[in-house]
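Next comes protein28.pdb, a file with PDB, C-alpha atoms.
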MODEL        1
ATOM      1  CA  MET A  64       0.000   0.000   0.000
ATOM      2  CA  ALA A  65       1.366   3.398  -0.999
ATOM      3  CA  ARG A  66       0.316   6.820   0.089
ATOM      4  CA  ALA A  67       0.107   9.761  -2.301
ATOM      5  CA  LYS A  68      -0.211  13.459  -1.619
ATOM      6  CA  VAL A  69      -1.470  15.916  -4.182
ATOM      7  CA  TYR A  70      -1.220  19.685  -3.692
ATOM      8  CA  ILE A  71      -3.305  21.883  -5.976
ATOM      9  CA  THR A  72      -3.035  25.661  -6.185
ATOM     10  CA  LEU A  73      -4.286  28.272  -8.594
ATOM     11  CA  LYS A  74      -1.782  29.142 -11.289
ATOM     12  CA  GLU A  75       0.483  32.141 -10.872
ATOM     13  CA  GLY A  76      -1.189  35.166 -12.385
ATOM     14  CA  ILE A  77      -4.715  33.942 -11.696
ATOM     15  CA  LEU A  78      -6.422  36.017  -9.032
ATOM     16  CA  ASP A  79      -7.137  33.914  -5.949
ATOM     17  CA  PRO A  80     -10.174  35.504  -4.244
ATOM     18  CA  GLN A  81      -9.870  33.294  -1.152
ATOM     19  CA  GLY A  82      -6.138  33.917  -0.844
ATOM     20  CA  LYS A  83      -6.704  37.685  -1.045
ATOM     21  CA  THR A  84      -9.385  37.502   1.662
ATOM     22  CA  VAL A  85      -7.146  35.456   3.968
ATOM     23  CA  LEU A  86      -4.288  37.909   3.295
ATOM     24  CA  ARG A  87      -6.490  40.856   4.312
ATOM     25  CA  ALA A  88      -7.631  39.018   7.453
ATOM     26  CA  LEU A  89      -4.032  38.241   8.457
ATOM     27  CA  LYS A  90      -3.017  41.865   7.888
ATOM     28  CA  SER A  91      -5.918  43.061  10.011
ATOM     29  CA  LEU A  92      -4.696  40.739  12.792
ATOM     30  CA  GLY A  93      -1.353  42.520  12.656
ATOM     31  CA  TYR A  94       0.683  39.955  10.713
ATOM     32  CA  ASP A  95       2.367  42.561   8.566
ATOM     33  CA  GLU A  96       5.091  40.210   7.371
ATOM     34  CA  VAL A  97       2.638  38.299   5.163
ATOM     35  CA  GLY A  98       3.187  39.257   1.531
ATOM     36  CA  ASP A  99       0.785  36.953  -0.299
ATOM     37  CA  VAL A 100      -1.467  33.967   0.363
ATOM     38  CA  ARG A 101      -2.569  31.310  -2.101
ATOM     39  CA  VAL A 102      -5.295  28.936  -0.947
ATOM     40  CA  GLY A 103      -5.237  25.476  -2.449
ATOM     41  CA  LYS A 104      -6.304  21.873  -1.945
ATOM     42  CA  TYR A 105      -4.412  19.033  -0.345
ATOM     43  CA  MET A 106      -5.502  15.467  -1.072
ATOM     44  CA  VAL A 107      -4.240  12.198   0.368
ATOM     45  CA  LEU A 108      -4.796   9.020  -1.632
ATOM     46  CA  GLU A 109      -4.124   5.429  -0.684
ATOM     47  CA  LEU A 110      -2.879   3.441  -3.658
ATOM     48  CA  ASP A 111      -2.411  -0.282  -4.183
ATOM     49  CA  GLY A 112       1.005  -1.269  -5.498
ATOM     50  CA  ASP A 113       4.689  -0.728  -4.796
ATOM     51  CA  ASP A 114       6.062   0.320  -8.196
ATOM     52  CA  LYS A 115       6.713   3.982  -7.463
ATOM     53  CA  ALA A 116       7.307   5.068 -11.069
ATOM     54  CA  ARG A 117       4.127   3.357 -12.207
ATOM     55  CA  LEU A 118       2.098   4.854  -9.349
ATOM     56  CA  GLU A 119       3.457   8.335 -10.104
ATOM     57  CA  GLU A 120       2.496   7.947 -13.733
ATOM     58  CA  ARG A 121      -1.036   6.836 -12.788
ATOM     59  CA  LEU A 122      -1.371   9.613 -10.226
ATOM     60  CA  GLY A 123      -0.310  12.141 -12.859
ATOM     61  CA  GLU A 124      -3.092  10.869 -15.120
ATOM     62  CA  MET A 125      -5.636  11.057 -12.287
ATOM     63  CA  THR A 126      -4.600  14.593 -11.494
ATOM     64  CA  GLU A 127      -4.712  15.780 -15.105
ATOM     65  CA  GLN A 128      -8.017  14.064 -15.801
ATOM     66  CA  LEU A 129      -9.950  14.876 -12.629
ATOM     67  CA  LEU A 130      -8.216  16.199  -9.529
ATOM     68  CA  ALA A 131      -6.941  19.460 -11.037
ATOM     69  CA  ASN A 132      -8.155  21.687 -13.845
ATOM     70  CA  PRO A 133      -4.955  22.446 -15.791
ATOM     71  CA  ILE A 134      -6.500  25.618 -17.254
ATOM     72  CA  ILE A 135      -6.478  27.377 -13.893
ATOM     73  CA  GLU A 136      -4.570  25.118 -11.503
ATOM     74  CA  ASP A 137      -1.014  23.870 -10.921
ATOM     75  CA  TYR A 138      -0.223  20.777  -8.892
ATOM     76  CA  GLN A 139       2.563  18.957  -7.129
ATOM     77  CA  MET A 140       2.466  15.346  -6.003
ATOM     78  CA  GLU A 141       4.415  12.900  -3.904
ATOM     79  CA  VAL A 142       4.188   9.130  -3.691
ATOM     80  CA  GLU A 143       5.482   7.342  -0.582
ATOM     81  CA  ILE A 144       5.858   3.581  -0.729
TER      82      ILE A 144
ATOM     83  CA  MET B 140     -38.532  20.884 -32.211
ATOM     84  CA  ARG B 141     -37.524  18.299 -29.623
ATOM     85  CA  PHE B 142     -35.587  19.228 -26.487
ATOM     86  CA  GLY B 143     -33.892  17.017 -23.914
ATOM     87  CA  VAL B 144     -33.278  18.413 -20.438
ATOM     88  CA  VAL B 145     -30.406  16.487 -18.849
ATOM     89  CA  VAL B 146     -30.906  15.698 -15.172
ATOM     90  CA  PHE B 147     -27.821  15.166 -13.032
ATOM     91  CA  PRO B 148     -27.995  14.243  -9.349
ATOM     92  CA  GLY B 149     -28.167  17.742  -7.902
ATOM     93  CA  SER B 150     -29.689  19.569 -10.889
ATOM     94  CA  ASN B 151     -32.334  21.991  -9.648
ATOM     95  CA  CYS B 152     -33.309  24.095 -12.651
ATOM     96  CA  ASP B 153     -34.380  21.103 -14.729
ATOM     97  CA  HIS B 154     -38.092  21.611 -14.041
ATOM     98  CA  ASP B 155     -37.898  25.331 -14.828
ATOM     99  CA  CYS B 156     -36.297  24.559 -18.203
ATOM    100  CA  HIS B 157     -38.817  21.804 -18.900
ATOM    101  CA  TYR B 158     -41.687  24.151 -18.045
ATOM    102  CA  VAL B 159     -40.476  27.003 -20.245
ATOM    103  CA  ILE B 160     -39.772  24.740 -23.225
ATOM    104  CA  GLY B 161     -42.965  22.721 -22.898
ATOM    105  CA  SER B 162     -45.530  25.198 -21.577
ATOM    106  CA  VAL B 163     -44.229  28.593 -22.678
ATOM    107  CA  LEU B 164     -42.627  27.657 -26.004
ATOM    108  CA  GLY B 165     -44.992  24.756 -26.700
ATOM    109  CA  GLN B 166     -42.215  22.424 -27.882
ATOM    110  CA  ASP B 167     -41.637  18.717 -27.267
ATOM    111  CA  VAL B 168     -39.461  18.172 -24.226
ATOM    112  CA  ASP B 169     -38.279  15.183 -22.209
ATOM    113  CA  TYR B 170     -35.985  14.690 -19.279
ATOM    114  CA  VAL B 171     -32.776  12.734 -19.937
ATOM    115  CA  TRP B 172     -31.320  11.017 -16.866
ATOM    116  CA  HIS B 173     -27.559  11.464 -16.531
ATOM    117  CA  GLY B 174     -27.085   7.677 -16.673
ATOM    118  CA  SER B 175     -28.563   7.531 -20.173
ATOM    119  CA  THR B 176     -26.201   6.982 -23.064
ATOM    120  CA  ASP B 177     -28.685   7.702 -25.826
ATOM    121  CA  VAL B 178     -29.783  11.170 -26.866
ATOM    122  CA  ALA B 179     -30.939  10.244 -30.366
ATOM    123  CA  GLY B 180     -33.867  12.273 -31.667
ATOM    124  CA  PHE B 181     -33.214  15.452 -29.700
ATOM    125  CA  ASP B 182     -32.540  18.658 -31.611
ATOM    126  CA  CYS B 183     -31.331  20.541 -28.563
ATOM    127  CA  LEU B 184     -29.934  19.335 -25.244
ATOM    128  CA  VAL B 185     -30.216  21.548 -22.178
ATOM    129  CA  LEU B 186     -27.770  21.159 -19.287
ATOM    130  CA  PRO B 187     -29.617  22.955 -16.518
ATOM    131  CA  GLY B 188     -28.437  24.785 -13.429
ATOM    132  CA  GLY B 189     -27.991  23.292 -10.010
ATOM    133  CA  PHE B 190     -25.280  21.636  -8.002
ATOM    134  CA  ALA B 191     -24.497  18.401  -9.857
ATOM    135  CA  TYR B 192     -22.648  15.998  -7.544
ATOM    136  CA  GLY B 193     -22.726  18.651  -4.856
ATOM    137  CA  ASP B 194     -20.161  20.765  -6.739
ATOM    138  CA  TYR B 195     -17.551  18.547  -5.062
ATOM    139  CA  LEU B 196     -13.924  19.044  -6.126
ATOM    140  CA  ARG B 197     -14.835  21.770  -8.663
ATOM    141  CA  THR B 198     -18.183  22.708 -10.168
ATOM    142  CA  GLY B 199     -18.953  20.293 -12.985
ATOM    143  CA  ALA B 200     -15.760  18.267 -12.437
ATOM    144  CA  VAL B 201     -17.548  15.031 -11.551
ATOM    145  CA  ALA B 202     -20.688  15.570 -13.649
ATOM    146  CA  ARG B 203     -18.615  15.756 -16.821
ATOM    147  CA  PHE B 204     -17.884  12.032 -16.393
ATOM    148  CA  SER B 205     -21.575  11.080 -16.175
ATOM    149  CA  PRO B 206     -22.458   8.461 -18.802
ATOM    150  CA  VAL B 207     -24.704  10.926 -20.650
ATOM    151  CA  MET B 208     -21.813  13.293 -21.328
ATOM    152  CA  LYS B 209     -20.261  11.014 -23.970
ATOM    153  CA  ALA B 210     -23.592  11.171 -25.812
ATOM    154  CA  VAL B 211     -23.736  14.957 -25.341
ATOM    155  CA  GLU B 212     -20.220  15.240 -26.788
ATOM    156  CA  LYS B 213     -21.195  13.134 -29.814
ATOM    157  CA  HIS B 214     -24.366  15.170 -30.304
ATOM    158  CA  ALA B 215     -22.325  18.408 -30.199
ATOM    159  CA  ALA B 216     -19.621  17.043 -32.512
ATOM    160  CA  ALA B 217     -22.331  16.202 -35.058
ATOM    161  CA  GLY B 218     -23.539  19.816 -34.963
ATOM    162  CA  GLY B 219     -26.401  19.226 -32.516
ATOM    163  CA  LEU B 220     -27.451  22.132 -30.319
ATOM    164  CA  VAL B 221     -26.382  22.194 -26.668
ATOM    165  CA  ILE B 222     -27.038  24.912 -24.102
ATOM    166  CA  GLY B 223     -25.501  24.844 -20.633
ATOM    167  CA  ILE B 224     -26.980  27.241 -18.106
ATOM    168  CA  CYS B 225     -25.064  28.105 -14.918
ATOM    169  CA  ASN B 226     -24.016  24.679 -13.546
ATOM    170  CA  GLY B 227     -24.614  23.326 -17.061
ATOM    171  CA  PHE B 228     -22.110  25.888 -18.381
ATOM    172  CA  GLN B 229     -19.623  24.785 -15.723
ATOM    173  CA  ILE B 230     -20.059  21.154 -16.824
ATOM    174  CA  LEU B 231     -19.492  22.066 -20.502
ATOM    175  CA  LEU B 232     -16.264  23.851 -19.522
ATOM    176  CA  GLU B 233     -15.000  20.895 -17.505
ATOM    177  CA  ALA B 234     -15.891  18.600 -20.401
ATOM    178  CA  GLY B 235     -13.843  20.751 -22.753
ATOM    179  CA  LEU B 236     -16.842  21.454 -25.000
ATOM    180  CA  LEU B 237     -16.260  25.157 -24.374
ATOM    181  CA  PRO B 238     -12.964  26.968 -23.732
ATOM    182  CA  GLY B 239     -11.986  28.339 -20.334
ATOM    183  CA  ALA B 240     -12.761  27.556 -16.711
ATOM    184  CA  ILE B 241     -14.917  28.881 -13.901
ATOM    185  CA  MET B 242     -13.630  30.087 -10.557
ATOM    186  CA  ARG B 243     -15.208  31.337  -7.387
ATOM    187  CA  ASN B 244     -16.768  34.817  -7.511
ATOM    188  CA  VAL B 245     -14.252  37.530  -6.673
ATOM    189  CA  GLY B 246     -16.417  38.702  -3.759
ATOM    190  CA  LEU B 247     -16.668  35.102  -2.413
ATOM    191  CA  LYS B 248     -20.439  35.516  -2.146
ATOM    192  CA  PHE B 249     -23.303  33.621  -3.740
ATOM    193  CA  ILE B 250     -25.067  36.206  -5.904
ATOM    194  CA  CYS B 251     -28.752  35.823  -6.765
ATOM    195  CA  ARG B 252     -30.199  38.831  -8.569
ATOM    196  CA  PHE B 253     -31.115  40.292 -11.926
ATOM    197  CA  VAL B 254     -28.203  41.509 -14.022
ATOM    198  CA  ASP B 255     -27.974  43.129 -17.435
ATOM    199  CA  VAL B 256     -26.084  41.389 -20.197
ATOM    200  CA  ARG B 257     -25.258  42.712 -23.655
ATOM    201  CA  VAL B 258     -25.612  40.619 -26.778
ATOM    202  CA  GLU B 259     -22.130  40.669 -28.333
ATOM    203  CA  THR B 260     -22.942  38.758 -31.498
ATOM    204  CA  THR B 261     -26.096  37.902 -33.384
ATOM    205  CA  SER B 262     -24.290  35.360 -35.575
ATOM    206  CA  THR B 263     -25.163  32.383 -33.359
ATOM    207  CA  PRO B 264     -28.229  30.125 -33.309
ATOM    208  CA  TRP B 265     -28.881  31.503 -29.804
ATOM    209  CA  THR B 266     -28.929  35.207 -30.590
ATOM    210  CA  SER B 267     -30.062  35.509 -34.210
ATOM    211  CA  ALA B 268     -33.384  37.096 -33.145
ATOM    212  CA  ALA B 269     -31.641  39.677 -30.939
ATOM    213  CA  SER B 270     -30.138  42.926 -32.105
ATOM    214  CA  GLN B 271     -26.418  43.627 -31.811
ATOM    215  CA  GLY B 272     -25.771  45.276 -28.453
ATOM    216  CA  GLN B 273     -29.253  44.514 -27.128
ATOM    217  CA  VAL B 274     -29.372  44.522 -23.327
ATOM    218  CA  LEU B 275     -31.113  41.573 -21.686
ATOM    219  CA  ARG B 276     -32.240  41.627 -18.058
ATOM    220  CA  ILE B 277     -31.758  38.060 -16.800
ATOM    221  CA  PRO B 278     -31.036  36.756 -13.292
ATOM    222  CA  ILE B 279     -27.849  35.093 -12.137
ATOM    223  CA  ALA B 280     -27.633  32.740  -9.141
ATOM    224  CA  HIS B 281     -24.134  31.442  -8.522
ATOM    225  CA  ASN B 282     -21.121  31.274  -6.252
ATOM    226  CA  GLU B 283     -18.789  30.250  -9.077
ATOM    227  CA  GLY B 284     -19.290  32.432 -12.125
ATOM    228  CA  ASN B 285     -15.869  33.980 -12.447
ATOM    229  CA  TYR B 286     -15.028  32.974 -16.018
ATOM    230  CA  GLN B 287     -11.325  32.669 -16.771
ATOM    231  CA  VAL B 288      -9.594  31.888 -20.024
ATOM    232  CA  PRO B 289      -5.937  32.203 -21.104
ATOM    233  CA  PRO B 290      -5.346  35.474 -23.045
ATOM    234  CA  GLU B 291      -4.258  33.749 -26.252
ATOM    235  CA  VAL B 292      -7.394  31.581 -26.238
ATOM    236  CA  LEU B 293      -9.582  34.620 -25.584
ATOM    237  CA  GLU B 294      -8.071  36.455 -28.562
ATOM    238  CA  GLU B 295      -8.930  33.533 -30.810
ATOM    239  CA  MET B 296     -12.445  33.369 -29.342
ATOM    240  CA  LYS B 297     -12.962  37.057 -30.067
ATOM    241  CA  ARG B 298     -11.762  36.612 -33.643
ATOM    242  CA  LYS B 299     -14.252  33.798 -34.111
ATOM    243  CA  GLY B 300     -17.125  35.632 -32.428
ATOM    244  CA  GLN B 301     -17.403  33.229 -29.497
ATOM    245  CA  VAL B 302     -18.033  35.841 -26.794
ATOM    246  CA  VAL B 303     -21.836  35.922 -26.801
ATOM    247  CA  PHE B 304     -22.843  37.865 -23.647
ATOM    248  CA  ARG B 305     -21.101  40.407 -21.398
ATOM    249  CA  TYR B 306     -22.321  41.876 -18.104
ATOM    250  CA  CYS B 307     -23.147  45.542 -18.598
ATOM    251  CA  SER B 308     -24.963  48.588 -17.253
ATOM    252  CA  PRO B 309     -28.714  48.905 -17.952
ATOM    253  CA  GLU B 310     -27.706  51.154 -20.864
ATOM    254  CA  GLY B 311     -25.322  48.546 -22.274
ATOM    255  CA  SER B 312     -21.926  49.836 -21.148
ATOM    256  CA  VAL B 313     -19.466  47.116 -20.149
ATOM    257  CA  LEU B 314     -17.848  48.548 -17.003
ATOM    258  CA  PRO B 315     -16.055  46.891 -14.070
ATOM    259  CA  GLU B 316     -18.770  47.969 -11.601
ATOM    260  CA  PHE B 317     -21.343  45.920 -13.527
ATOM    261  CA  ASN B 318     -19.200  42.779 -13.486
ATOM    262  CA  PRO B 319     -20.737  40.785 -10.613
ATOM    263  CA  ASN B 320     -18.177  38.005 -10.269
ATOM    264  CA  GLY B 321     -14.803  39.106 -11.651
ATOM    265  CA  ALA B 322     -15.171  37.268 -14.956
ATOM    266  CA  THR B 323     -12.492  38.018 -17.548
ATOM    267  CA  GLU B 324     -13.661  40.952 -19.689
ATOM    268  CA  SER B 325     -17.101  40.728 -18.021
ATOM    269  CA  ILE B 326     -17.908  37.585 -20.003
ATOM    270  CA  ALA B 327     -21.287  36.057 -19.114
ATOM    271  CA  GLY B 328     -21.668  33.576 -21.967
ATOM    272  CA  VAL B 329     -19.591  31.950 -24.696
ATOM    273  CA  CYS B 330     -20.097  29.517 -27.555
ATOM    274  CA  ASN B 331     -17.812  27.107 -29.390
ATOM    275  CA  ALA B 332     -16.255  28.059 -32.712
ATOM    276  CA  GLU B 333     -19.082  26.368 -34.625
ATOM    277  CA  GLY B 334     -21.731  28.173 -32.548
ATOM    278  CA  ASN B 335     -23.860  25.110 -31.772
ATOM    279  CA  VAL B 336     -22.753  24.882 -28.109
ATOM    280  CA  LEU B 337     -23.588  27.783 -25.791
ATOM    281  CA  GLY B 338     -22.742  28.219 -22.128
ATOM    282  CA  MET B 339     -23.983  31.090 -19.987
ATOM    283  CA  MET B 340     -24.151  31.954 -16.304
ATOM    284  CA  PRO B 341     -27.462  33.923 -16.391
ATOM    285  CA  HIS B 342     -30.691  31.908 -16.319
ATOM    286  CA  PRO B 343     -32.872  32.634 -19.386
ATOM    287  CA  GLU B 344     -35.428  30.071 -18.144
ATOM    288  CA  ARG B 345     -36.050  32.336 -15.129
ATOM    289  CA  ALA B 346     -36.717  35.305 -17.404
ATOM    290  CA  SER B 347     -39.107  33.908 -19.983
ATOM    291  CA  GLU B 348     -42.399  35.358 -18.731
ATOM    292  CA  ALA B 349     -43.173  38.983 -17.845
ATOM    293  CA  GLU B 350     -44.901  37.783 -14.655
ATOM    294  CA  LEU B 351     -41.506  36.685 -13.360
ATOM    295  CA  GLY B 352     -39.993  40.133 -13.743
ATOM    296  CA  SER B 353     -38.519  39.843 -17.221
ATOM    297  CA  ALA B 354     -39.184  38.003 -20.445
ATOM    298  CA  ASP B 355     -35.840  38.995 -21.967
ATOM    299  CA  GLY B 356     -34.636  35.378 -21.929
ATOM    300  CA  MET B 357     -37.240  34.642 -24.598
ATOM    301  CA  VAL B 358     -35.021  36.149 -27.267
ATOM    302  CA  ILE B 359     -32.629  33.208 -26.800
ATOM    303  CA  TRP B 360     -35.405  30.604 -27.152
ATOM    304  CA  LYS B 361     -36.948  32.476 -30.100
ATOM    305  CA  SER B 362     -33.580  32.655 -31.830
ATOM    306  CA  LEU B 363     -33.228  28.923 -31.388
ATOM    307  CA  LEU B 364     -36.672  28.152 -32.785
ATOM    308  CA  ALA B 365     -36.069  30.464 -35.756
ATOM    309  CA  HIS B 366     -32.696  28.793 -36.364
ATOM    310  CA  CYS B 367     -34.448  25.430 -36.526
ATOM    311  CA  GLY B 368     -37.209  26.759 -38.750
ATOM    312  CA  VAL B 369     -39.977  26.352 -36.148
TER     313      VAL B 369
ENDMDL
END
Would you write the structure of this file as structure tokens?
Amino acid sequence: MARAKVYITLKEGILDPQGKTVLRALKSLGYDEVGDVRVGKYMVLELDGDDKARLEERLGEMTEQLLANPIIEDYQMEVEI
Amino acid sequence: MRFGVVVFPGSNCDHDCHYVIGSVLGQDVDYVWHGSTDVAGFDCLVLPGGFAYGDYLRTGAVARFSPVMKAVEKHAAAGGLVIGICNGFQILLEAGLLPGAIMRNVGLKFICRFVDVRVETTSTPWTSAASQGQVLRIPIAHNEGNYQVPPEVLEEMKRKGQVVFRYCSPEGSVLPEFNPNGATESIAGVCNAEGNVLGMMPHPERASEAELGSADGMVIWKSLLAHCGV
């Protein structure tokens, strides 16, 4: 059994309304050091198999096909055997 | 003319569409369950508003894999008419039948009110009975209506006349203060290059009788009927 993590964020250059709202809230709480906030999604998947390369390839397909929308989102992923 | 209103788990404007097509327009109309793989015999398919699959993951992201969508894609590829309204528009975007993507409204609020939209082209089956620049008063009801599209794709869409509706002032001026959701260039509705697939955030089925506050949505239905020679 392997465990996969997928991180999805809005692409650079695309306005992130939630990120902007969180940024304003942090500023109003006095956290002046915060420059920008991007809000994303974090998913954890359990995968059958122990061939890491194969699982990464499959996870890439899953992410492109369903988990992320490549028009507006970027993603990173990790597979731990 | 025969219409099919696709029903996904979570659709909630399906009955409104069915009512307008059947009772107001007097056309043949049937529901099509999302599990169906056969849409033969329909001239126009309607993907109604709602919250298909609870809007989980992204709006339309799961619904686009419903069995019926393969049939919708085939219907569209063969030149058949398809209109996606609100959630239906979001599903068409996720399915890649229309360019671009939808994001959360800039103000992070669900907006349910009448807006004004300007007809940007009359060269589509959906707007042929309208006049260029005509302002339609039609309600929106969405949390995710912020239409985004890469600049190079948008330029091509503009060249091909695929921007169909823009949010505007009551007088027809496209200004930032009349853009309710942050959509790129105030875009409220787009079609594919061929024109047979339309997606729009406003709800024409909620503005098809004067008793409901506006009958401006009728121009879209009338265009469609005229296009099909009804």
For the structure provided, state which residues fall under the ChimeraX specification (/A :<8) & /B, and present them as an mmCIF file with C-alpha atoms, in the frame of the given file.
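File selection_38.cif, as written:
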data_model
loop_
_atom_site.group_PDB
_atom_site.id
_atom_site.type_symbol
_atom_site.label_atom_id
_atom_site.label_comp_id
_atom_site.auth_asym_id
_atom_site.auth_seq_id
_atom_site.Cartn_x
_atom_site.Cartn_y
_atom_site.Cartn_z
ATOM 1 C CA LEU B 196 -13.924 19.044 -6.126
ATOM 2 C CA ALA B 200 -15.760 18.267 -12.437
ATOM 3 C CA VAL B 201 -17.548 15.031 -11.551
ATOM 4 C CA GLU B 233 -15.000 20.895 -17.505
ATOM 5 C CA GLY B 239 -11.986 28.339 -20.334
ATOM 6 C CA ALA B 240 -12.761 27.556 -16.711
ATOM 7 C CA ARG B 243 -15.208 31.337 -7.387
ATOM 8 C CA ASN B 244 -16.768 34.817 -7.511
ATOM 9 C CA VAL B 245 -14.252 37.530 -6.673
ATOM 10 C CA GLY B 246 -16.417 38.702 -3.759
ATOM 11 C CA LEU B 247 -16.668 35.102 -2.413
ATOM 12 C CA GLN B 287 -11.325 32.669 -16.771
ATOM 13 C CA VAL B 288 -9.594 31.888 -20.024
ATOM 14 C CA PRO B 289 -5.937 32.203 -21.104
#
Original post:
Between B:Glu324, B:Glu310, B:Asp182, B:Glu259, which one has atoms that come closest to B:His366, using all atoms listed in the file?
Top reply: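 Closest candidate: B:Asp182.
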Wanna dump the stretch 142-256 of chain B-stretch 262-286 of chain B contacts at 9 Å for me, each residue with its shortest atom pair and the distance in Å to one decimal, counting only C-alpha atoms, ordered by chain and number, as a Markdown table?
| residue | atom | partner | partner_atom | distance |
| --- | --- | --- | --- | --- |
| B:Thr198 | CA | B:Glu283 | CA | 7.6 |
| B:Leu220 | CA | B:Pro264 | CA | 8.6 |
| B:Ile222 | CA | B:Trp265 | CA | 8.9 |
| B:Cys225 | CA | B:His281 | CA | 7.3 |
| B:Asn226 | CA | B:His281 | CA | 8.4 |
| B:Gln229 | CA | B:Gly284 | CA | 8.5 |
| B:Gly239 | CA | B:Tyr286 | CA | 7.0 |
| B:Ala240 | CA | B:Tyr286 | CA | 5.9 |
| B:Ile241 | CA | B:Tyr286 | CA | 4.6 |
| B:Met242 | CA | B:Asn285 | CA | 4.9 |
| B:Arg243 | CA | B:Glu283 | CA | 4.1 |
| B:Asn244 | CA | B:Asn285 | CA | 5.1 |
| B:Val245 | CA | B:Asn285 | CA | 7.0 |
| B:Leu247 | CA | B:Asn282 | CA | 7.0 |
| B:Lys248 | CA | B:Asn282 | CA | 5.9 |
| B:Phe249 | CA | B:Asn282 | CA | 4.1 |
| B:Ile250 | CA | B:Ala280 | CA | 5.4 |
| B:Cys251 | CA | B:Ala280 | CA | 4.0 |
| B:Arg252 | CA | B:Pro278 | CA | 5.2 |
| B:Phe253 | CA | B:Pro278 | CA | 3.8 |
| B:Val254 | CA | B:Pro278 | CA | 5.6 |
| B:Asp255 | CA | B:Arg276 | CA | 4.6 |
| B:Val256 | CA | B:Leu275 | CA | 5.2 |
Subject >> For B:Gly199: contacts at 10 Å, all atoms listed in the file, fewer than 4 positions along chain excluded, given as JSON, numbers by chain >> reply: {"B": [189, 190, 191, 192, 193, 194, 195, 203, 204, 226, 227, 228, 229, 230, 231, 232, 233, 234, 241]}
**OP:** Determine, counting all atoms listed in the file, which protein, DNA and RNA residues have an atom within 12 Å of an atom of B:Gln301; residues of the same chain fewer than 6 positions away are not included. Present the result as a VMD selection string.
**Re:** chain B and resid 237 to 239 258 to 266 292 to 295 326 to 339
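Here the PyMOL selection byres ((chain B and resi 207-218) around 6) catches exactly these residues: His173, Gly174, Ser175, Thr176, Ser205, Pro206 and Gly219 of chain B.
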Got a sec: who's within 7 Å of A:Ala65, counting only C-alpha atoms, leaving out chain neighbours fewer than 5 positions off, as a compact mmCIF listing (two decimals) with C-alpha atoms, keeping the file's coordinate frame?
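Written out: result_33.txt:
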# COMPACT_ATOMS: atom_id res chain seq x y z
CA GLU A 109 -4.12 5.43 -0.68
CA LEU A 110 -2.88 3.44 -3.66
CA ASP A 111 -2.41 -0.28 -4.18
CA GLY A 112 1.00 -1.27 -5.50
CA ASP A 113 4.69 -0.73 -4.80
CA VAL A 142 4.19 9.13 -3.69
CA GLU A 143 5.48 7.34 -0.58
CA ILE A 144 5.86 3.58 -0.73
**OP:** Mind giving me the straight-line distance from atom CA of B:Met340 to atom CA of B:Ala179 in Å, one decimal?
**Re:** 26.7 Å
**OP:** Counting all atoms listed in the file, figure out which residue out of B:Val178, B:Leu236, B:Ala346, B:Val303 gets nearest to B:Val144.
**Re:** B:Val178
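Applied to this file, the PyMOL selection byres ((chain B and resi 151) around 7) selects the residues B:Gly149, B:Ser150, B:Cys152, B:Asp153, B:Gly188, B:Gly189.
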Original post:
What separation in Å, quoted to one decimal, exists between atom CA of B:Pro341 and atom CA of B:Arg298?
Top reply: 23.5 Å
Original post:
What is the distance, in Å and to one decimal place, between atom CA of B:Pro319 and atom CA of B:Val221?
Top reply: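 Interatomic distance here is 25.2 Å.
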**OP:** Please provide the set of residues having any atom within 7 Å of B:Phe181, restricted to all atoms listed in the file, with same-chain residues fewer than 6 positions apart removed, written as number ranges by chain.
**Re:** B: 141-143
Around all the atoms of stretch 71-83 of chain A listed in the file, with 6 Å of room on each side, what axis-aligned box do you get, giving centre and edge lengths in Å to one decimal, as JSON?
{"center_x": -4.8, "center_y": 29.8, "center_z": -6.6, "size_x": 22.7, "size_y": 27.8, "size_z": 23.5}
